[in-house]
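Chemist: Data: data23.cif, mmCIF, C-alpha atoms (C1' of nucleotides).
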data_structure
#
loop_
_atom_site.label_atom_id
_atom_site.label_comp_id
_atom_site.auth_asym_id
_atom_site.auth_seq_id
_atom_site.Cartn_x
_atom_site.Cartn_y
_atom_site.Cartn_z
CA MET Q 1 153.14 8.19 66.44
CA ASP Q 2 155.90 9.24 68.84
CA VAL Q 3 154.76 9.88 72.45
CA GLY Q 4 157.13 12.80 72.84
CA LYS Q 5 155.44 14.67 70.02
CA ARG Q 6 151.97 13.87 71.26
CA LEU Q 7 152.81 15.17 74.71
CA ARG Q 8 154.72 18.24 73.58
CA SER Q 9 152.10 19.24 71.04
CA ARG Q 10 149.53 19.37 73.83
CA GLY Q 11 151.77 21.35 76.15
CA TYR Q 12 152.87 18.47 78.37
CA ARG Q 13 156.47 17.71 79.23
CA VAL Q 14 158.31 14.67 78.01
CA THR Q 15 159.86 12.89 80.97
CA ALA Q 16 161.78 9.66 81.31
CA GLN Q 17 158.99 8.29 83.52
CA ARG Q 18 156.32 8.90 80.89
CA GLU Q 19 158.44 7.31 78.21
CA ALA Q 20 159.09 4.28 80.39
CA ILE Q 21 155.38 3.83 81.02
CA TYR Q 22 154.58 4.29 77.36
CA ASP Q 23 157.19 1.69 76.42
CA VAL Q 24 155.64 -0.83 78.77
CA LEU Q 25 152.22 -0.22 77.26
CA GLU Q 26 153.59 -0.57 73.76
CA GLU Q 27 155.45 -3.79 74.56
CA ASN Q 28 152.23 -5.24 75.90
CA GLU Q 29 149.85 -4.06 73.22
CA GLY Q 30 146.58 -5.92 73.34
CA LYS Q 31 147.12 -7.08 76.92
CA PRO Q 32 145.34 -5.38 79.83
CA LEU Q 33 147.67 -4.37 82.65
CA SER Q 34 147.03 -3.05 86.14
CA PRO Q 35 148.82 0.09 87.35
CA GLU Q 36 150.85 -2.21 89.58
CA ASP Q 37 151.79 -4.42 86.63
CA ILE Q 38 152.87 -1.37 84.69
CA HIS Q 39 154.81 0.02 87.63
CA ALA Q 40 156.64 -3.26 88.14
CA MET Q 41 157.75 -3.31 84.51
CA ALA Q 42 158.45 0.40 84.15
CA VAL Q 43 160.49 0.73 87.34
CA VAL Q 44 163.11 -1.47 85.68
CA LYS Q 45 163.44 1.07 82.88
CA HIS Q 46 163.40 4.05 85.24
CA THR Q 47 164.63 3.30 88.76
CA GLY Q 48 162.78 5.14 91.47
CA LEU Q 49 159.55 5.48 89.52
CA GLY Q 50 156.67 5.94 91.93
CA LEU Q 51 153.38 4.11 91.74
CA CYS Q 52 151.45 7.36 92.03
CA THR Q 53 153.25 8.63 88.95
CA VAL Q 54 151.94 5.60 87.10
CA TYR Q 55 148.40 6.51 88.13
CA ARG Q 56 148.88 10.13 87.12
CA THR Q 57 150.45 9.19 83.82
CA LEU Q 58 147.80 6.65 82.92
CA ASP Q 59 145.16 9.23 83.69
CA LEU Q 60 146.92 11.68 81.39
CA PHE Q 61 147.37 9.08 78.66
CA CYS Q 62 143.67 8.28 78.78
CA ASN Q 63 142.72 11.93 78.50
CA LEU Q 64 145.01 12.28 75.51
CA GLY Q 65 143.66 9.15 73.90
CA ILE Q 66 146.99 7.39 74.22
CA ALA Q 67 145.66 4.66 76.41
CA PHE Q 68 142.17 3.60 77.48
CA PRO Q 69 140.64 1.80 80.44
CA VAL Q 70 139.50 -1.80 80.09
CA HIS Q 71 136.72 -3.05 82.29
CA LEU Q 72 137.20 -6.61 83.41
CA LYS Q 73 135.66 -8.60 86.25
CA GLY Q 74 136.20 -7.15 89.71
CA GLY Q 75 135.03 -3.63 89.13
CA HIS Q 76 133.18 -1.55 91.66
CA GLY Q 77 130.40 -3.69 92.90
CA TYR Q 78 126.88 -3.06 91.70
CA TYR Q 79 124.23 -5.67 92.17
CA GLU Q 80 120.87 -6.40 90.74
CA LEU Q 81 118.08 -8.87 91.40
CA ASN Q 82 118.50 -11.83 89.08
CA SER Q 83 115.19 -11.89 87.33
CA GLY Q 84 116.41 -14.61 84.99
CA LYS Q 85 116.00 -12.35 81.99
CA HIS Q 86 119.15 -11.61 80.07
CA HIS Q 87 119.95 -7.96 79.48
CA HIS Q 88 122.58 -5.23 79.43
CA HIS Q 89 122.82 -1.62 80.47
CA MET Q 90 123.38 1.84 79.17
CA GLU Q 91 124.90 4.31 81.60
CA CYS Q 92 124.64 8.07 81.17
CA LEU Q 93 128.08 9.66 81.51
CA SER Q 94 126.48 12.89 82.66
CA CYS Q 95 123.92 11.99 85.35
CA GLY Q 96 124.60 8.31 85.89
CA ALA Q 97 121.13 7.24 84.80
CA VAL Q 98 121.04 3.62 83.77
CA GLU Q 99 118.71 2.37 81.10
CA LEU Q 100 117.93 -1.28 80.53
CA LEU Q 101 118.95 -2.75 77.21
CA GLU Q 102 117.15 -5.85 76.07
CA ALA Q 103 119.15 -6.22 72.89
CA CYS Q 104 121.91 -8.80 73.09
CA MET Q 105 124.00 -10.16 70.27
CA ILE Q 106 125.91 -12.42 72.59
CA ASP Q 107 124.85 -15.62 70.90
CA ASP Q 108 126.25 -14.38 67.60
CA ILE Q 109 129.48 -13.35 69.30
CA VAL Q 110 129.84 -16.63 71.13
CA GLU Q 111 129.41 -18.44 67.86
CA LEU Q 112 132.13 -16.32 66.27
CA VAL Q 113 134.39 -17.05 69.20
CA ARG Q 114 133.71 -20.75 68.98
CA ASP Q 115 134.88 -20.74 65.38
CA GLY Q 116 137.90 -18.56 66.04
CA SER Q 117 139.37 -19.90 69.26
CA ASP Q 118 139.22 -22.62 71.89
CA PHE Q 119 138.08 -20.33 74.67
CA LEU Q 120 134.96 -21.66 76.42
CA VAL Q 121 132.66 -18.73 77.05
CA THR Q 122 130.46 -19.14 80.11
CA SER Q 123 129.40 -15.59 80.89
CA HIS Q 124 129.93 -12.04 79.78
CA CYS Q 125 129.31 -8.44 80.59
CA MET Q 126 128.58 -5.55 78.34
CA SER Q 127 127.73 -1.95 79.03
CA LEU Q 128 127.11 0.94 76.71
CA PHE Q 129 128.04 4.47 77.74
CA GLY Q 130 126.62 7.69 76.47
CA TYR Q 131 123.96 10.23 77.34
CA CYS Q 132 120.36 9.81 78.41
CA PRO Q 133 117.49 11.80 76.84
CA ASP Q 134 117.22 14.15 79.85
CA CYS Q 135 120.87 15.17 79.73
CA LEU Q 136 120.77 15.66 75.98
CA GLU Q 137 117.74 17.90 76.44
CA GLN Q 138 119.40 19.97 79.18
CA ASN Q 139 122.51 20.34 77.09
CA ARG Q 140 120.40 21.55 74.17
CA GLU Q 141 118.67 24.17 76.35
CA ARG Q 142 121.99 25.44 77.75
CA LYS Q 143 123.36 25.97 74.26
CA GLY Q 144 120.25 27.30 72.58
CA MET A 1 110.28 -17.56 94.15
CA ASP A 2 110.41 -16.79 97.89
CA VAL A 3 113.91 -15.97 99.24
CA GLY A 4 113.21 -17.81 102.46
CA LYS A 5 112.68 -21.06 100.60
CA ARG A 6 115.73 -20.58 98.41
CA LEU A 7 117.92 -19.98 101.43
CA ARG A 8 116.49 -22.74 103.59
CA SER A 9 116.61 -25.30 100.80
CA ARG A 10 120.35 -24.70 100.50
CA GLY A 11 120.94 -24.89 104.23
CA TYR A 12 121.19 -21.16 104.90
CA ARG A 13 119.27 -19.35 107.58
CA VAL A 14 116.53 -16.87 106.88
CA THR A 15 117.25 -13.67 108.79
CA ALA A 16 115.56 -10.30 108.89
CA GLN A 17 118.71 -8.73 107.44
CA ARG A 18 118.71 -11.00 104.40
CA GLU A 19 115.03 -10.37 103.81
CA ALA A 20 115.54 -6.61 104.06
CA ILE A 21 118.36 -6.75 101.51
CA TYR A 22 116.34 -8.97 99.21
CA ASP A 23 113.40 -6.59 99.42
CA VAL A 24 115.58 -3.67 98.41
CA LEU A 25 116.89 -5.60 95.42
CA GLU A 26 113.39 -6.59 94.41
CA GLU A 27 112.06 -3.05 94.71
CA ASN A 28 114.85 -1.87 92.43
CA GLU A 29 114.73 -4.62 89.86
CA GLY A 30 116.62 -3.68 86.72
CA LYS A 31 118.59 -0.94 88.47
CA PRO A 32 122.22 -1.48 89.51
CA LEU A 33 122.90 -0.55 93.13
CA SER A 34 126.09 -0.24 95.12
CA PRO A 35 126.44 -2.02 98.47
CA GLU A 36 126.22 1.41 100.05
CA ASP A 37 123.00 2.19 98.18
CA ILE A 38 121.54 -1.10 99.31
CA HIS A 39 122.66 -0.56 102.88
CA ALA A 40 121.12 2.90 102.98
CA MET A 41 117.77 1.54 101.84
CA ALA A 42 117.83 -1.70 103.82
CA VAL A 43 118.83 -0.11 107.13
CA VAL A 44 115.44 1.61 107.12
CA LYS A 45 113.75 -1.79 107.02
CA HIS A 46 116.10 -3.30 109.59
CA THR A 47 117.66 -0.80 112.00
CA GLY A 48 121.24 -1.57 112.95
CA LEU A 49 122.03 -3.43 109.75
CA GLY A 50 125.78 -3.33 109.16
CA LEU A 51 127.43 -2.54 105.87
CA CYS A 52 129.61 -5.64 106.10
CA THR A 53 126.48 -7.75 106.35
CA VAL A 54 125.37 -6.24 103.06
CA TYR A 55 128.64 -7.32 101.46
CA ARG A 56 128.37 -10.82 102.90
CA THR A 57 124.75 -11.17 101.87
CA LEU A 58 125.34 -9.93 98.34
CA ASP A 59 128.19 -12.40 98.03
CA LEU A 60 125.89 -15.17 99.19
CA PHE A 61 123.08 -14.06 96.88
CA CYS A 62 125.45 -14.11 93.93
CA ASN A 63 126.66 -17.59 94.75
CA LEU A 64 123.09 -18.76 94.97
CA GLY A 65 122.15 -17.08 91.73
CA ILE A 66 119.79 -14.72 93.50
CA ALA A 67 121.68 -11.62 92.47
CA PHE A 68 124.54 -10.98 90.06
CA PRO A 69 127.29 -8.40 89.72
CA VAL A 70 127.01 -5.72 87.05
CA HIS A 71 130.17 -4.26 85.64
CA LEU A 72 129.88 -0.59 84.93
CA LYS A 73 132.48 2.08 84.39
CA GLY A 74 134.93 2.60 87.23
CA GLY A 75 136.06 -0.94 87.87
CA HIS A 76 139.54 -1.94 88.83
CA GLY A 77 141.79 -0.14 86.46
CA TYR A 78 143.45 -2.00 83.64
CA TYR A 79 145.00 -0.09 80.79
CA GLU A 80 146.03 -0.84 77.29
CA LEU A 81 147.83 0.99 74.52
CA ASN A 82 145.27 2.59 72.26
CA SER A 83 146.09 1.04 68.92
CA GLY A 84 142.98 2.53 67.36
CA LYS A 85 141.63 -0.91 66.56
CA HIS A 86 138.34 -1.79 68.15
CA HIS A 87 138.22 -5.02 70.12
CA HIS A 88 137.01 -6.80 73.24
CA HIS A 89 138.38 -9.36 75.66
CA MET A 90 137.85 -12.83 76.98
CA GLU A 91 139.12 -13.45 80.49
CA CYS A 92 139.80 -16.93 81.84
CA LEU A 93 138.08 -17.39 85.21
CA SER A 94 140.66 -19.96 86.20
CA CYS A 95 144.08 -18.51 85.38
CA GLY A 96 143.23 -14.95 84.44
CA ALA A 97 144.56 -15.27 80.91
CA VAL A 98 143.10 -12.68 78.60
CA GLU A 99 142.48 -13.37 74.95
CA LEU A 100 141.82 -10.69 72.40
CA LEU A 101 138.48 -10.75 70.67
CA GLU A 102 138.20 -8.99 67.35
CA ALA A 103 134.51 -9.76 66.87
CA CYS A 104 132.21 -6.89 67.76
CA MET A 105 128.52 -6.61 67.11
CA ILE A 106 128.36 -3.18 68.63
CA ASP A 107 127.21 -1.46 65.47
CA ASP A 108 124.22 -3.76 65.28
CA ILE A 109 123.45 -3.18 68.93
CA VAL A 110 123.80 0.58 68.64
CA GLU A 111 121.37 0.50 65.75
CA LEU A 112 118.88 -1.50 67.79
CA VAL A 113 119.27 0.98 70.63
CA ARG A 114 118.76 3.92 68.32
CA ASP A 115 115.44 2.46 67.25
CA GLY A 116 114.34 1.55 70.75
CA SER A 117 115.32 4.54 72.87
CA ASP A 118 116.68 8.07 72.88
CA PHE A 119 119.93 7.17 74.61
CA LEU A 120 122.97 8.47 72.72
CA VAL A 121 125.61 5.76 72.79
CA THR A 122 129.18 7.08 72.66
CA SER A 123 131.20 4.16 73.98
CA HIS A 124 130.83 0.73 75.46
CA CYS A 125 132.64 -2.13 77.14
CA MET A 126 132.17 -5.82 76.75
CA SER A 127 134.02 -8.75 78.23
CA LEU A 128 133.41 -12.44 77.90
CA PHE A 129 134.27 -14.78 80.78
CA GLY A 130 135.01 -18.45 80.61
CA TYR A 131 137.96 -20.78 80.39
CA CYS A 132 141.06 -20.71 78.21
CA PRO A 133 142.31 -23.76 76.29
CA ASP A 134 145.12 -24.44 78.80
CA CYS A 135 142.82 -24.54 81.79
CA LEU A 136 140.32 -26.74 79.99
CA GLU A 137 143.14 -29.13 79.14
CA GLN A 138 144.42 -29.24 82.72
CA ASN A 139 140.95 -29.86 84.01
CA ARG A 140 140.50 -32.72 81.57
CA GLU A 141 143.77 -34.31 82.74
CA ARG A 142 142.84 -34.01 86.40
CA LYS A 143 139.55 -35.77 85.79
CA GLY A 144 140.69 -38.46 83.36
"C1'" DC Z 1 164.70 30.59 85.80
"C1'" DT Z 2 159.94 28.95 86.03
"C1'" DC Z 3 156.52 25.99 86.79
"C1'" DA Z 4 155.04 21.30 85.45
"C1'" DA Z 5 156.14 16.78 87.11
"C1'" DT Z 6 157.82 13.70 90.54
"C1'" DG Z 7 158.40 10.88 94.93
"C1'" DC Z 8 157.10 10.29 99.33
"C1'" DA Z 9 153.97 9.64 102.90
"C1'" DA Z 10 149.66 10.27 104.52
"C1'" DA Z 11 144.77 10.36 103.52
"C1'" DC Z 12 140.78 8.25 101.57
"C1'" DT Z 13 137.37 4.80 99.72
"C1'" DG Z 14 135.59 0.45 99.08
"C1'" DT Z 15 135.87 -4.12 100.80
"C1'" DT Z 16 137.30 -7.94 103.91
"C1'" DT Z 17 138.28 -10.18 108.32
"C1'" DG Z 18 138.68 -11.59 113.48
"C1'" DC Z 19 135.96 -12.09 117.19
"C1'" DA Z 20 132.47 -11.96 120.80
"C1'" DA Z 21 127.46 -11.60 121.10
"C1'" DC Z 22 123.21 -13.10 119.10
"C1'" DC Z 23 119.43 -15.83 117.35
"C1'" DG Z 24 117.22 -19.17 113.75
"C1'" DC Z 25 116.33 -23.81 113.62
"C1'" DG I 1 121.79 -25.47 122.73
"C1'" DC I 2 124.49 -25.65 118.54
"C1'" DG I 3 126.46 -23.39 114.98
"C1'" DG I 4 125.42 -20.12 111.39
"C1'" DT I 5 124.96 -15.04 111.29
"C1'" DT I 6 125.69 -10.48 112.80
"C1'" DG I 7 127.89 -5.88 114.20
"C1'" DC I 8 131.79 -3.72 115.42
"C1'" DA I 9 136.31 -2.24 114.75
"C1'" DA I 10 140.41 -2.97 112.80
"C1'" DA I 11 142.84 -4.50 108.76
"C1'" DC I 12 143.49 -4.27 103.90
"C1'" DA I 13 144.00 -2.94 98.84
"C1'" DG I 14 143.70 0.28 95.39
"C1'" DT I 15 143.84 5.00 94.40
"C1'" DT I 16 144.32 9.99 95.33
"C1'" DT I 17 146.33 14.10 97.42
"C1'" DG I 18 149.52 17.69 99.85
"C1'" DC I 19 153.87 19.27 99.68
"C1'" DA I 20 158.76 19.97 99.15
"C1'" DT I 21 162.10 18.83 95.58
"C1'" DT I 22 163.53 18.11 90.90
"C1'" DG I 23 164.25 18.93 86.16
"C1'" DA I 24 162.25 20.02 81.21
"C1'" DG I 25 161.77 23.83 78.29
#
Translate the structure described by the file into structure tokens.
Modeler:
Amino acid sequence: MDVGKRLRSRGYRVTAQREAIYDVLEENEGKPLSPEDIHAMAVVKHTGLGLCTVYRTLDLFCNLGIAFPVHLKGGHGYYELNSGKHHHHMECLSCGAVELLEACMIDDIVELVRDGSDFLVTSHCMSLFGYCPDCLEQNRERKG
Amino acid sequence: MDVGKRLRSRGYRVTAQREAIYDVLEENEGKPLSPEDIHAMAVVKHTGLGLCTVYRTLDLFCNLGIAFPVHLKGGHGYYELNSGKHHHHMECLSCGAVELLEACMIDDIVELVRDGSDFLVTSHCMSLFGYCPDCLEQNRERKG
DNA sequence: CTCAATGCAAACTGTTTGCAACCGC
DNA sequence: GCGGTTGCAAACAGTTTGCATTGAG
């Protein structure tokens, strides 16, 4: 769907900057880009575009469901003792509680990848996001 | 195994700071901590401990396989056009190339989670890391 | 014409680095 | 005592914010 419509229908203004940024995203569909990447490409389409506008626009696009963040290596650093056991995490969006997740389908996925491409997978990360029991309970109380 | 041994056997020195940091990690096994979290807890065990030492030690611990980074929400921001299609990524550790990965076992995992805990999963992220075909090829040439 | 959106520069946060003092081996 | 390790402060990178100006509706 047209960005202009999606912005206007939600009460946001359609500016040349936002269209330039959207175009860059569209031209690079399926390829993660940093704000700086996006700025570098979008500034060609709209001279004078500021980097902070890129940040603000990406934030808006994410809130509107137009874009979404991708979490690759190099995120904010959290560390954990390497107990040797393989596991993942579930993070509560509300309170930040993290629950351990023993389940891991990674072997199945790696197998699928092996059949479908020549990428050699050596490690991975996966996190689930949602709400922990405590927050769900509190939310229930507040409503009821 | 004892940290002291693991450090010494690799030629690194065993210091009170490193032991304090290791202790904090061990006491919080299974729980992701930020360098600041770790510093706050370790400075109690070793007064005067600097935050930069925490960073250096965590880096060392990761290289030695003693600790490992966990990638939760809030990492370096990459963005992508929301095409509505669900997918993941494979990132090449050598050149940074990113390959799209259609395979997703998330439904199976979510089901497992539903059976095993009361966490409500609303979203997730998963990335595989390894080497892309080009880098594997170049590496082969360099060796042969 | 009004107020959302922008560009700039400055502020802020998380992380890294240069260097002299320190201390494990 | 040698050289790896530390703490400090300053540097750095990525992101956010305050404010006057601009421009979409």
Chemist: What are the closest atom pairs, with distances in Å to one decimal, for each residue of chain A lying within 8 Å of chain I, using only C-alpha atoms (C1' of nucleotides), rows by chain and rising residue number, as a tab-separated table?
Modeler:
residue	atom	partner	partner_atom	distance
A:Tyr12	CA	I:DG4	C1'	7.8
A:Arg13	CA	I:DG4	C1'	7.3
A:Leu49	CA	I:DG7	C1'	7.8
A:Gly50	CA	I:DG7	C1'	6.0
A:Thr53	CA	I:DT6	C1'	7.0
Chemist: Could you please determine the separation between CA of Asn63 (chain A) and CA of Pro35 (chain Q) in Å, to one decimal place?
Modeler: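 These atoms are spaced 29.3 Å apart.
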Chemist: Could you tell me how far CA of Arg6 (chain A) lies from C1' of DT16 (chain Z), in Å and to one decimal?
Modeler: 25.6 Å
Chemist: Residues of chain Z that have any atom at most 10 Å from an atom of chain Q: could you tabulate them with the shortest-distance atom pair and the distance in Å to one decimal, using all atoms listed in the file, ordered by chain and increasing number, as JSON lines?
Modeler:
{"residue": "Z:DA4", "atom": "C1'", "partner": "Q:Arg13", "partner_atom": "CA", "distance": 7.3}
{"residue": "Z:DA5", "atom": "C1'", "partner": "Q:Arg13", "partner_atom": "CA", "distance": 7.9}
{"residue": "Z:DT6", "atom": "C1'", "partner": "Q:Thr53", "partner_atom": "CA", "distance": 7.0}
{"residue": "Z:DG7", "atom": "C1'", "partner": "Q:Gly50", "partner_atom": "CA", "distance": 6.0}
{"residue": "Z:DC8", "atom": "C1'", "partner": "Q:Gly50", "partner_atom": "CA", "distance": 8.6}
{"residue": "Z:DG14", "atom": "C1'", "partner": "Q:His76", "partner_atom": "CA", "distance": 8.1}
{"residue": "Z:DT15", "atom": "C1'", "partner": "Q:Gly77", "partner_atom": "CA", "distance": 9.6}
Chemist: Taking the file as shown, what set of residues would the PyMOL selection byres ((chain Q and resi 24) around 12) give back, as number ranges by chain?
Modeler: Q: 17-23, 25-46, 54, 58, 67; A: 79-81
Chemist: Which distance in Å separates CA of Asp115 (chain Q) and CA of Pro69 (chain A), to one decimal?
Modeler: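 Between these atoms lies a distance of 28.3 Å.
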Chemist: Between Q:Arg114, Q:Cys62, Q:Phe68, Q:Ser9, which is the closest to chain A once you count all atoms listed in the file?
Modeler: Q:Phe68
